[in-house]
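Below is work_24.cif, which holds mmCIF, N, CA and C atoms.
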```cif
data_input
#
loop_
_atom_site.group_PDB
_atom_site.id
_atom_site.type_symbol
_atom_site.label_atom_id
_atom_site.label_comp_id
_atom_site.auth_asym_id
_atom_site.auth_seq_id
_atom_site.Cartn_x
_atom_site.Cartn_y
_atom_site.Cartn_z
ATOM 1 N N MET A 15 9.607 76.260 147.523
ATOM 2 C CA MET A 15 9.933 75.036 146.812
ATOM 3 C C MET A 15 9.646 75.193 145.322
ATOM 4 N N LEU A 16 8.455 75.683 144.974
ATOM 5 C CA LEU A 16 8.113 75.860 143.565
ATOM 6 C C LEU A 16 9.019 76.881 142.891
ATOM 7 N N GLY A 17 9.436 77.881 143.639
ATOM 8 C CA GLY A 17 10.365 78.875 143.102
ATOM 9 C C GLY A 17 11.679 78.240 142.697
ATOM 10 N N ASN A 18 12.169 77.314 143.537
ATOM 11 C CA ASN A 18 13.420 76.623 143.217
ATOM 12 C C ASN A 18 13.279 75.756 141.975
ATOM 13 N N ILE A 19 12.145 75.086 141.843
ATOM 14 C CA ILE A 19 11.921 74.228 140.671
ATOM 15 C C ILE A 19 11.854 75.068 139.408
ATOM 16 N N SER A 20 11.122 76.172 139.456
ATOM 17 C CA SER A 20 11.031 77.020 138.263
ATOM 18 C C SER A 20 12.392 77.628 137.928
ATOM 19 N N GLN A 21 13.174 77.949 138.944
ATOM 20 C CA GLN A 21 14.520 78.478 138.706
ATOM 21 C C GLN A 21 15.407 77.401 138.071
ATOM 22 N N LEU A 22 15.301 76.172 138.547
ATOM 23 C CA LEU A 22 16.074 75.073 137.958
ATOM 24 C C LEU A 22 15.658 74.809 136.521
ATOM 25 N N LEU A 23 14.357 74.860 136.249
ATOM 26 C CA LEU A 23 13.877 74.667 134.884
ATOM 27 C C LEU A 23 14.384 75.772 133.962
ATOM 28 N N GLU A 24 14.396 76.986 134.459
ATOM 29 C CA GLU A 24 14.915 78.109 133.672
ATOM 30 C C GLU A 24 16.411 77.929 133.409
ATOM 31 N N MET A 25 17.151 77.489 134.408
ATOM 32 C CA MET A 25 18.588 77.257 134.229
ATOM 33 C C MET A 25 18.821 76.140 133.208
ATOM 34 N N LYS A 26 18.023 75.094 133.262
ATOM 35 C CA LYS A 26 18.155 73.990 132.308
ATOM 36 C C LYS A 26 17.882 74.478 130.892
ATOM 37 N N LYS A 27 16.850 75.293 130.736
ATOM 38 C CA LYS A 27 16.513 75.846 129.422
ATOM 39 C C LYS A 27 17.669 76.697 128.899
ATOM 40 N N LYS A 28 18.222 77.543 129.753
ATOM 41 C CA LYS A 28 19.351 78.391 129.364
ATOM 42 C C LYS A 28 20.563 77.543 128.995
ATOM 43 N N ALA A 29 20.804 76.481 129.746
ATOM 44 C CA ALA A 29 21.939 75.602 129.468
ATOM 45 C C ALA A 29 21.784 74.927 128.110
ATOM 46 N N GLU A 30 20.586 74.494 127.786
ATOM 47 C CA GLU A 30 20.339 73.865 126.494
ATOM 48 C C GLU A 30 20.506 74.866 125.354
ATOM 49 N N GLU A 31 20.038 76.096 125.569
ATOM 50 C CA GLU A 31 20.213 77.149 124.566
ATOM 51 C C GLU A 31 21.699 77.432 124.345
ATOM 52 N N LEU A 32 22.435 77.493 125.434
ATOM 53 C CA LEU A 32 23.865 77.760 125.352
ATOM 54 C C LEU A 32 24.584 76.650 124.600
ATOM 55 N N LYS A 33 24.248 75.415 124.904
ATOM 56 C CA LYS A 33 24.885 74.286 124.227
ATOM 57 C C LYS A 33 24.640 74.354 122.719
ATOM 58 N N SER A 34 23.421 74.646 122.327
ATOM 59 C CA SER A 34 23.102 74.768 120.902
ATOM 60 C C SER A 34 23.870 75.919 120.262
ATOM 61 N N LYS A 35 23.951 77.020 120.961
ATOM 62 C CA LYS A 35 24.664 78.182 120.436
ATOM 63 C C LYS A 35 26.151 77.862 120.264
ATOM 64 N N LEU A 36 26.723 77.163 121.236
ATOM 65 C CA LEU A 36 28.136 76.814 121.163
ATOM 66 C C LEU A 36 28.421 75.815 120.048
ATOM 67 N N GLU A 37 27.485 74.914 119.790
ATOM 68 C CA GLU A 37 27.650 73.956 118.687
ATOM 69 C C GLU A 37 27.751 74.693 117.354
ATOM 70 N N ALA A 38 27.058 75.832 117.236
ATOM 71 C CA ALA A 38 27.016 76.581 115.983
ATOM 72 C C ALA A 38 28.259 77.449 115.758
ATOM 73 N N ILE A 39 29.016 77.710 116.804
ATOM 74 C CA ILE A 39 30.228 78.528 116.670
ATOM 75 C C ILE A 39 31.352 77.664 116.114
ATOM 76 N N GLN A 40 31.982 78.123 115.039
ATOM 77 C CA GLN A 40 33.110 77.380 114.477
ATOM 78 C C GLN A 40 34.364 78.230 114.582
ATOM 79 N N ILE A 41 35.408 77.608 115.102
ATOM 80 C CA ILE A 41 36.708 78.252 115.270
ATOM 81 C C ILE A 41 37.703 77.510 114.393
ATOM 82 N N THR A 42 38.476 78.253 113.611
ATOM 83 C CA THR A 42 39.495 77.657 112.758
ATOM 84 C C THR A 42 40.848 78.242 113.137
ATOM 85 N N GLU A 43 41.798 77.388 113.424
ATOM 86 C CA GLU A 43 43.166 77.795 113.742
ATOM 87 C C GLU A 43 44.122 77.059 112.820
ATOM 88 N N THR A 44 45.116 77.782 112.308
ATOM 89 C CA THR A 44 46.140 77.178 111.462
ATOM 90 C C THR A 44 47.498 77.386 112.119
ATOM 91 N N HIS A 45 48.285 76.314 112.137
ATOM 92 C CA HIS A 45 49.614 76.367 112.741
ATOM 93 C C HIS A 45 50.538 75.454 111.942
ATOM 94 N N ASN A 46 51.593 76.014 111.376
ATOM 95 C CA ASN A 46 52.595 75.247 110.626
ATOM 96 C C ASN A 46 51.979 74.319 109.578
ATOM 97 N N GLY A 47 51.045 74.839 108.792
ATOM 98 C CA GLY A 47 50.468 74.051 107.715
ATOM 99 C C GLY A 47 49.385 73.076 108.126
ATOM 100 N N ILE A 48 48.941 73.160 109.364
ATOM 101 C CA ILE A 48 47.874 72.287 109.856
ATOM 102 C C ILE A 48 46.709 73.178 110.290
ATOM 103 N N THR A 49 45.536 72.902 109.751
ATOM 104 C CA THR A 49 44.342 73.668 110.093
ATOM 105 C C THR A 49 43.401 72.768 110.888
ATOM 106 N N VAL A 50 42.957 73.285 112.026
ATOM 107 C CA VAL A 50 42.054 72.544 112.901
ATOM 108 C C VAL A 50 40.780 73.364 113.078
ATOM 109 N N ASP A 51 39.643 72.721 112.811
ATOM 110 C CA ASP A 51 38.341 73.345 113.021
ATOM 111 C C ASP A 51 37.724 72.747 114.277
ATOM 112 N N THR A 52 37.251 73.616 115.162
ATOM 113 C CA THR A 52 36.565 73.183 116.376
ATOM 114 C C THR A 52 35.255 73.951 116.491
ATOM 115 N N ASN A 53 34.414 73.536 117.435
ATOM 116 C CA ASN A 53 33.222 74.337 117.715
ATOM 117 C C ASN A 53 33.360 74.933 119.114
ATOM 118 N N GLY A 54 32.381 75.720 119.494
ATOM 119 C CA GLY A 54 32.416 76.383 120.798
ATOM 120 C C GLY A 54 32.324 75.433 121.971
ATOM 121 N N ASN A 55 31.952 74.191 121.718
ATOM 122 C CA ASN A 55 31.920 73.181 122.777
ATOM 123 C C ASN A 55 33.246 72.439 122.894
ATOM 124 N N ARG A 56 34.263 72.950 122.241
ATOM 125 C CA ARG A 56 35.629 72.406 122.299
ATOM 126 C C ARG A 56 35.722 71.000 121.698
ATOM 127 N N LYS A 57 34.980 70.773 120.633
ATOM 128 C CA LYS A 57 35.060 69.503 119.916
ATOM 129 C C LYS A 57 35.768 69.742 118.587
ATOM 130 N N VAL A 58 36.735 68.881 118.268
ATOM 131 C CA VAL A 58 37.438 68.985 116.998
ATOM 132 C C VAL A 58 36.497 68.501 115.901
ATOM 133 N N LEU A 59 36.297 69.345 114.885
ATOM 134 C CA LEU A 59 35.407 69.014 113.780
ATOM 135 C C LEU A 59 36.168 68.445 112.591
ATOM 136 N N SER A 60 37.346 69.007 112.320
ATOM 137 C CA SER A 60 38.146 68.504 111.209
ATOM 138 C C SER A 60 39.591 68.967 111.356
ATOM 139 N N ILE A 61 40.473 68.233 110.659
ATOM 140 C CA ILE A 61 41.895 68.572 110.620
ATOM 141 C C ILE A 61 42.346 68.471 109.162
ATOM 142 N N HIS A 62 43.015 69.514 108.695
ATOM 143 C CA HIS A 62 43.542 69.538 107.334
ATOM 144 C C HIS A 62 45.059 69.713 107.421
ATOM 145 N N ILE A 63 45.798 68.863 106.716
ATOM 146 C CA ILE A 63 47.262 68.896 106.759
ATOM 147 C C ILE A 63 47.784 69.150 105.353
ATOM 148 N N ASP A 64 48.633 70.186 105.208
ATOM 149 C CA ASP A 64 49.276 70.447 103.921
ATOM 150 C C ASP A 64 50.144 69.255 103.545
ATOM 151 N N ALA A 65 50.152 68.901 102.266
ATOM 152 C CA ALA A 65 50.876 67.718 101.779
ATOM 153 C C ALA A 65 52.354 67.743 102.138
ATOM 154 N N GLU A 66 52.983 68.915 102.103
ATOM 155 C CA GLU A 66 54.418 68.978 102.396
ATOM 156 C C GLU A 66 54.745 68.652 103.851
ATOM 157 N N ARG A 67 53.742 68.656 104.713
ATOM 158 C CA ARG A 67 53.952 68.305 106.125
ATOM 159 C C ARG A 67 53.999 66.795 106.340
ATOM 160 N N LEU A 68 53.673 66.018 105.341
ATOM 161 C CA LEU A 68 53.593 64.567 105.491
ATOM 162 C C LEU A 68 54.943 63.862 105.411
ATOM 163 N N ASN A 69 56.010 64.583 105.118
ATOM 164 C CA ASN A 69 57.327 63.971 104.931
ATOM 165 C C ASN A 69 58.026 63.588 106.228
ATOM 166 N N ASP A 70 57.779 64.316 107.295
ATOM 167 C CA ASP A 70 58.480 64.088 108.568
ATOM 168 C C ASP A 70 57.453 63.749 109.645
ATOM 169 N N LYS A 71 57.316 62.469 109.957
ATOM 170 C CA LYS A 71 56.296 61.988 110.892
ATOM 171 C C LYS A 71 56.431 62.638 112.267
ATOM 172 N N THR A 72 57.632 62.702 112.812
ATOM 173 C CA THR A 72 57.830 63.261 114.158
ATOM 174 C C THR A 72 57.452 64.734 114.189
ATOM 175 N N GLN A 73 57.893 65.473 113.198
ATOM 176 C CA GLN A 73 57.561 66.900 113.143
ATOM 177 C C GLN A 73 56.055 67.097 112.933
ATOM 178 N N LEU A 74 55.459 66.269 112.095
ATOM 179 C CA LEU A 74 54.017 66.351 111.865
ATOM 180 C C LEU A 74 53.253 66.134 113.176
ATOM 181 N N GLU A 75 53.655 65.134 113.931
ATOM 182 C CA GLU A 75 52.984 64.852 115.202
ATOM 183 C C GLU A 75 53.109 66.026 116.162
ATOM 184 N N ASP A 76 54.313 66.625 116.235
ATOM 185 C CA ASP A 76 54.519 67.779 117.110
ATOM 186 C C ASP A 76 53.644 68.961 116.682
ATOM 187 N N HIS A 77 53.630 69.241 115.380
ATOM 188 C CA HIS A 77 52.834 70.364 114.873
ATOM 189 C C HIS A 77 51.339 70.099 115.028
ATOM 190 N N LEU A 78 50.942 68.868 114.899
ATOM 191 C CA LEU A 78 49.535 68.510 115.059
ATOM 192 C C LEU A 78 49.077 68.769 116.495
ATOM 193 N N VAL A 79 49.881 68.372 117.452
ATOM 194 C CA VAL A 79 49.558 68.624 118.866
ATOM 195 C C VAL A 79 49.453 70.122 119.118
ATOM 196 N N GLN A 80 50.405 70.887 118.594
ATOM 197 C CA GLN A 80 50.386 72.338 118.787
ATOM 198 C C GLN A 80 49.151 72.972 118.154
ATOM 199 N N ALA A 81 48.813 72.535 116.938
ATOM 200 C CA ALA A 81 47.658 73.102 116.244
ATOM 201 C C ALA A 81 46.357 72.775 116.974
ATOM 202 N N ILE A 82 46.227 71.546 117.431
ATOM 203 C CA ILE A 82 45.010 71.153 118.156
ATOM 204 C C ILE A 82 44.898 71.928 119.467
ATOM 205 N N ASN A 83 45.986 72.039 120.195
ATOM 206 C CA ASN A 83 45.955 72.790 121.455
ATOM 207 C C ASN A 83 45.599 74.249 121.230
ATOM 208 N N LYS A 84 46.125 74.842 120.164
ATOM 209 C CA LYS A 84 45.817 76.232 119.838
ATOM 210 C C LYS A 84 44.335 76.384 119.518
ATOM 211 N N ALA A 85 43.791 75.473 118.739
ATOM 212 C CA ALA A 85 42.370 75.525 118.384
ATOM 213 C C ALA A 85 41.485 75.333 119.612
ATOM 214 N N LEU A 86 41.843 74.394 120.472
ATOM 215 C CA LEU A 86 41.044 74.147 121.677
ATOM 216 C C LEU A 86 41.110 75.330 122.645
ATOM 217 N N GLU A 87 42.257 75.996 122.696
ATOM 218 C CA GLU A 87 42.378 77.185 123.538
ATOM 219 C C GLU A 87 41.452 78.292 123.030
ATOM 220 N N SER A 88 41.419 78.483 121.716
ATOM 221 C CA SER A 88 40.518 79.487 121.139
ATOM 222 C C SER A 88 39.060 79.111 121.382
ATOM 223 N N ALA A 89 38.751 77.824 121.250
ATOM 224 C CA ALA A 89 37.387 77.361 121.501
ATOM 225 C C ALA A 89 37.004 77.577 122.960
ATOM 226 N N GLU A 90 37.930 77.354 123.866
ATOM 227 C CA GLU A 90 37.669 77.568 125.297
ATOM 228 C C GLU A 90 37.350 79.037 125.567
ATOM 229 N N LYS A 91 38.099 79.941 124.927
ATOM 230 C CA LYS A 91 37.841 81.379 125.102
ATOM 231 C C LYS A 91 36.453 81.739 124.586
ATOM 232 N N ALA A 92 36.090 81.211 123.426
ATOM 233 C CA ALA A 92 34.758 81.476 122.873
ATOM 234 C C ALA A 92 33.682 80.902 123.787
ATOM 235 N N ASN A 93 33.933 79.716 124.307
ATOM 236 C CA ASN A 93 33.003 79.053 125.207
ATOM 237 C C ASN A 93 32.773 79.901 126.447
ATOM 238 N N MET A 94 33.839 80.332 127.062
ATOM 239 C CA MET A 94 33.715 81.098 128.301
ATOM 240 C C MET A 94 33.050 82.443 128.055
ATOM 241 N N ALA A 95 33.298 83.061 126.906
ATOM 242 C CA ALA A 95 32.644 84.330 126.577
ATOM 243 C C ALA A 95 31.141 84.130 126.455
ATOM 244 N N GLU A 96 30.721 83.066 125.783
ATOM 245 C CA GLU A 96 29.292 82.783 125.636
ATOM 246 C C GLU A 96 28.654 82.408 126.967
ATOM 247 N N VAL A 97 29.329 81.594 127.746
ATOM 248 C CA VAL A 97 28.797 81.201 129.057
ATOM 249 C C VAL A 97 28.640 82.434 129.936
ATOM 250 N N GLY A 98 29.660 83.277 129.943
ATOM 251 C CA GLY A 98 29.593 84.495 130.751
ATOM 252 C C GLY A 98 28.479 85.422 130.308
ATOM 253 N N ALA A 99 28.311 85.563 128.993
ATOM 254 C CA ALA A 99 27.265 86.440 128.473
ATOM 255 C C ALA A 99 25.880 85.902 128.808
ATOM 256 N N MET A 100 25.707 84.600 128.669
ATOM 257 C CA MET A 100 24.383 84.025 128.914
ATOM 258 C C MET A 100 24.100 83.900 130.417
ATOM 259 N N ALA A 101 25.135 83.667 131.202
ATOM 260 C CA ALA A 101 24.939 83.458 132.640
ATOM 261 C C ALA A 101 24.526 84.732 133.331
ATOM 262 N N GLY A 102 24.815 85.866 132.727
ATOM 263 C CA GLY A 102 24.521 87.199 133.277
ATOM 264 C C GLY A 102 23.593 87.271 134.452
ATOM 265 N N GLY A 103 23.215 87.028 135.333
ATOM 266 C CA GLY A 103 22.269 87.043 136.388
ATOM 267 C C GLY A 103 21.910 85.649 136.860
ATOM 268 N N MET A 104 22.520 84.640 136.303
ATOM 269 C CA MET A 104 22.204 83.270 136.728
ATOM 270 C C MET A 104 23.499 82.571 137.149
ATOM 271 N N PRO A 105 24.019 82.904 138.332
ATOM 272 C CA PRO A 105 25.311 82.356 138.739
ATOM 273 C C PRO A 105 25.370 80.844 138.777
ATOM 274 N N GLY A 106 24.266 80.164 138.978
ATOM 275 C CA GLY A 106 24.247 78.708 139.015
ATOM 276 C C GLY A 106 24.493 78.070 137.655
ATOM 277 N N LEU A 107 24.316 78.836 136.585
ATOM 278 C CA LEU A 107 24.490 78.309 135.239
ATOM 279 C C LEU A 107 25.935 77.881 134.998
ATOM 280 N N MET A 108 26.878 78.613 135.517
ATOM 281 C CA MET A 108 28.294 78.268 135.328
ATOM 282 C C MET A 108 28.582 76.865 135.874
ATOM 283 N N GLY A 109 27.947 76.489 136.960
ATOM 284 C CA GLY A 109 28.172 75.181 137.561
ATOM 285 C C GLY A 109 27.710 74.028 136.673
ATOM 286 N N LEU A 110 26.760 74.296 135.811
ATOM 287 C CA LEU A 110 26.272 73.248 134.910
ATOM 288 C C LEU A 110 27.308 72.842 133.881
ATOM 289 N N PHE A 111 28.285 73.710 133.655
ATOM 290 C CA PHE A 111 29.308 73.435 132.655
ATOM 291 C C PHE A 111 30.650 73.117 133.287
ATOM 292 N N GLY A 112 30.656 72.838 134.546
ATOM 293 C CA GLY A 112 31.874 72.435 135.219
ATOM 294 C C GLY A 112 32.869 73.548 135.406
ATOM 295 N N LYS A 113 32.435 74.775 135.399
ATOM 296 C CA LYS A 113 33.338 75.917 135.532
ATOM 297 C C LYS A 113 33.161 76.547 136.884
#
```

Let me see the structure of the file written as structure tokens.
Amino acid sequence: MLGNISQLLEMKKKAEELKSKLEAIQITETHNGITVDTNGNRKVLSIHIDAERLNDKTQLEDHLVQAINKALESAEKANMAEVGAMAGGMPGLMGLFGK
């Protein structure tokens, strides 16, 4: 019983370390004049749009969706790489992140 508790506490500590590490990772993707910054936890931090993209609302919306999806995909890859590296011997850790 105590072994399970200490193992759970260790997993919790590792999960908190991983979350902090992922918050510090910044990913920047640019697509069609739109730059999206995300972190390793797949949160959008900022969006920058070139002024010339503001003329066509429909096209801007389409490019914005594409840029955000591209940034989130890159963030997901970074996230999974960090989770995999940290989980190294702790298979239960992956479950804490819904993976």

Give me, as an mmCIF file with N, CA and C atoms, keeping the file's coordinate frame, the residues of range 38-106 of chain A that a backbone DSSP run labels strand (DSSP E).
```cif
data_model
loop_
_atom_site.group_PDB
_atom_site.id
_atom_site.type_symbol
_atom_site.label_atom_id
_atom_site.label_comp_id
_atom_site.auth_asym_id
_atom_site.auth_seq_id
_atom_site.Cartn_x
_atom_site.Cartn_y
_atom_site.Cartn_z
ATOM 1 N N GLN A 40 31.982 78.123 115.039
ATOM 2 C CA GLN A 40 33.110 77.380 114.477
ATOM 3 C C GLN A 40 34.364 78.230 114.582
ATOM 4 N N ILE A 41 35.408 77.608 115.102
ATOM 5 C CA ILE A 41 36.708 78.252 115.270
ATOM 6 C C ILE A 41 37.703 77.510 114.393
ATOM 7 N N THR A 42 38.476 78.253 113.611
ATOM 8 C CA THR A 42 39.495 77.657 112.758
ATOM 9 C C THR A 42 40.848 78.242 113.137
ATOM 10 N N GLU A 43 41.798 77.388 113.424
ATOM 11 C CA GLU A 43 43.166 77.795 113.742
ATOM 12 C C GLU A 43 44.122 77.059 112.820
ATOM 13 N N THR A 44 45.116 77.782 112.308
ATOM 14 C CA THR A 44 46.140 77.178 111.462
ATOM 15 C C THR A 44 47.498 77.386 112.119
ATOM 16 N N HIS A 45 48.285 76.314 112.137
ATOM 17 C CA HIS A 45 49.614 76.367 112.741
ATOM 18 C C HIS A 45 50.538 75.454 111.942
ATOM 19 N N ILE A 48 48.941 73.160 109.364
ATOM 20 C CA ILE A 48 47.874 72.287 109.856
ATOM 21 C C ILE A 48 46.709 73.178 110.290
ATOM 22 N N THR A 49 45.536 72.902 109.751
ATOM 23 C CA THR A 49 44.342 73.668 110.093
ATOM 24 C C THR A 49 43.401 72.768 110.888
ATOM 25 N N VAL A 50 42.957 73.285 112.026
ATOM 26 C CA VAL A 50 42.054 72.544 112.901
ATOM 27 C C VAL A 50 40.780 73.364 113.078
ATOM 28 N N ASP A 51 39.643 72.721 112.811
ATOM 29 C CA ASP A 51 38.341 73.345 113.021
ATOM 30 C C ASP A 51 37.724 72.747 114.277
ATOM 31 N N THR A 52 37.251 73.616 115.162
ATOM 32 C CA THR A 52 36.565 73.183 116.376
ATOM 33 C C THR A 52 35.255 73.951 116.491
ATOM 34 N N ASN A 53 34.414 73.536 117.435
ATOM 35 C CA ASN A 53 33.222 74.337 117.715
ATOM 36 C C ASN A 53 33.360 74.933 119.114
ATOM 37 N N VAL A 58 36.735 68.881 118.268
ATOM 38 C CA VAL A 58 37.438 68.985 116.998
ATOM 39 C C VAL A 58 36.497 68.501 115.901
ATOM 40 N N LEU A 59 36.297 69.345 114.885
ATOM 41 C CA LEU A 59 35.407 69.014 113.780
ATOM 42 C C LEU A 59 36.168 68.445 112.591
ATOM 43 N N SER A 60 37.346 69.007 112.320
ATOM 44 C CA SER A 60 38.146 68.504 111.209
ATOM 45 C C SER A 60 39.591 68.967 111.356
ATOM 46 N N ILE A 61 40.473 68.233 110.659
ATOM 47 C CA ILE A 61 41.895 68.572 110.620
ATOM 48 C C ILE A 61 42.346 68.471 109.162
ATOM 49 N N HIS A 62 43.015 69.514 108.695
ATOM 50 C CA HIS A 62 43.542 69.538 107.334
ATOM 51 C C HIS A 62 45.059 69.713 107.421
ATOM 52 N N ILE A 63 45.798 68.863 106.716
ATOM 53 C CA ILE A 63 47.262 68.896 106.759
ATOM 54 C C ILE A 63 47.784 69.150 105.353
#
```

Backbone-only DSSP, helix (DSSP H, G or I) members of range 17-112 of chain A, as a ChimeraX atom specification = /A:17-38,65-69,71-101,107-110

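The interatomic distance for the pair CA of Ile41 in chain A and CA of Gln80 in chain A works out to 15.3 Å.
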
Take every atom of range 81-99 of chain A listed in the file, pad by 3 Å on each side, and give me the axis-aligned box centre and edge lengths in Å, one decimal, as JSON.
```
{"center_x": 37.3, "center_y": 78.8, "center_z": 123.5, "size_x": 28.9, "size_y": 21.3, "size_z": 20.5}
```

Separation of CA of Gln40 in chain A and CA of Ile61 in chain A, in Å?
-> 13.0 Å

Selection near Lys28 in chain A, 8 Å with all atoms listed in the file, sequence-local residues under 4 positions removed, as a count of residues only | 9

Separating atom N of Glu96 in chain A from atom C of Val50 in chain A, to the nearest tenth of an Å, is a gap of 18.9 Å

Just the residues within 12 Å of Glu66 in chain A, please, counting only C-alpha atoms, with nothing from its chain fewer than 6 positions along; format it as a VMD selection string.
-> chain A and resid 46 to 48 73 to 74

Selection above as a file: N, CA and C atoms, as a short mmCIF file (atom, residue, chain, number, x, y, z; two decimals), in the frame of the given file:
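Result went into again_26.cif, see below:
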```cif
data_model
loop_
_atom_site.label_atom_id
_atom_site.label_comp_id
_atom_site.auth_asym_id
_atom_site.auth_seq_id
_atom_site.Cartn_x
_atom_site.Cartn_y
_atom_site.Cartn_z
N ASN A 46 51.59 76.01 111.38
CA ASN A 46 52.60 75.25 110.63
C ASN A 46 51.98 74.32 109.58
N GLY A 47 51.04 74.84 108.79
CA GLY A 47 50.47 74.05 107.72
C GLY A 47 49.38 73.08 108.13
N ILE A 48 48.94 73.16 109.36
CA ILE A 48 47.87 72.29 109.86
C ILE A 48 46.71 73.18 110.29
N GLN A 73 57.89 65.47 113.20
CA GLN A 73 57.56 66.90 113.14
C GLN A 73 56.06 67.10 112.93
N LEU A 74 55.46 66.27 112.10
CA LEU A 74 54.02 66.35 111.86
C LEU A 74 53.25 66.13 113.18
#
```

Evaluating the PyMOL selection byres ((chain A and resi 55) around 8) on the displayed file yields which residues, as a PyMOL selection string?
-> chain A and resi 33+35-40+52-54+56-58+89-90+92-93

Test item: residues at most 7 Å from Glu43 in chain A, only C-alpha atoms, excluding those fewer than 3 positions along its chain, as number ranges by chain = A: 49-51, 81, 84-85

Would you write out those residues with N, CA and C atoms, as a short mmCIF file (atom, residue, chain, number, x, y, z; two decimals), in the frame of the given file?
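Dumped everything to selection-v1.cif:
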```
data_model
loop_
_atom_site.label_atom_id
_atom_site.label_comp_id
_atom_site.auth_asym_id
_atom_site.auth_seq_id
_atom_site.Cartn_x
_atom_site.Cartn_y
_atom_site.Cartn_z
N THR A 49 45.54 72.90 109.75
CA THR A 49 44.34 73.67 110.09
C THR A 49 43.40 72.77 110.89
N VAL A 50 42.96 73.28 112.03
CA VAL A 50 42.05 72.54 112.90
C VAL A 50 40.78 73.36 113.08
N ASP A 51 39.64 72.72 112.81
CA ASP A 51 38.34 73.34 113.02
C ASP A 51 37.72 72.75 114.28
N ALA A 81 48.81 72.54 116.94
CA ALA A 81 47.66 73.10 116.24
C ALA A 81 46.36 72.78 116.97
N LYS A 84 46.12 74.84 120.16
CA LYS A 84 45.82 76.23 119.84
C LYS A 84 44.34 76.38 119.52
N ALA A 85 43.79 75.47 118.74
CA ALA A 85 42.37 75.53 118.38
C ALA A 85 41.48 75.33 119.61
#
```

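Between Thr44 in chain A and the residues A:Ile19, A:Met94, A:Asp70, A:Ile82, the shortest atom-to-atom distance, using only N, CA and C atoms, involves A:Ile82.
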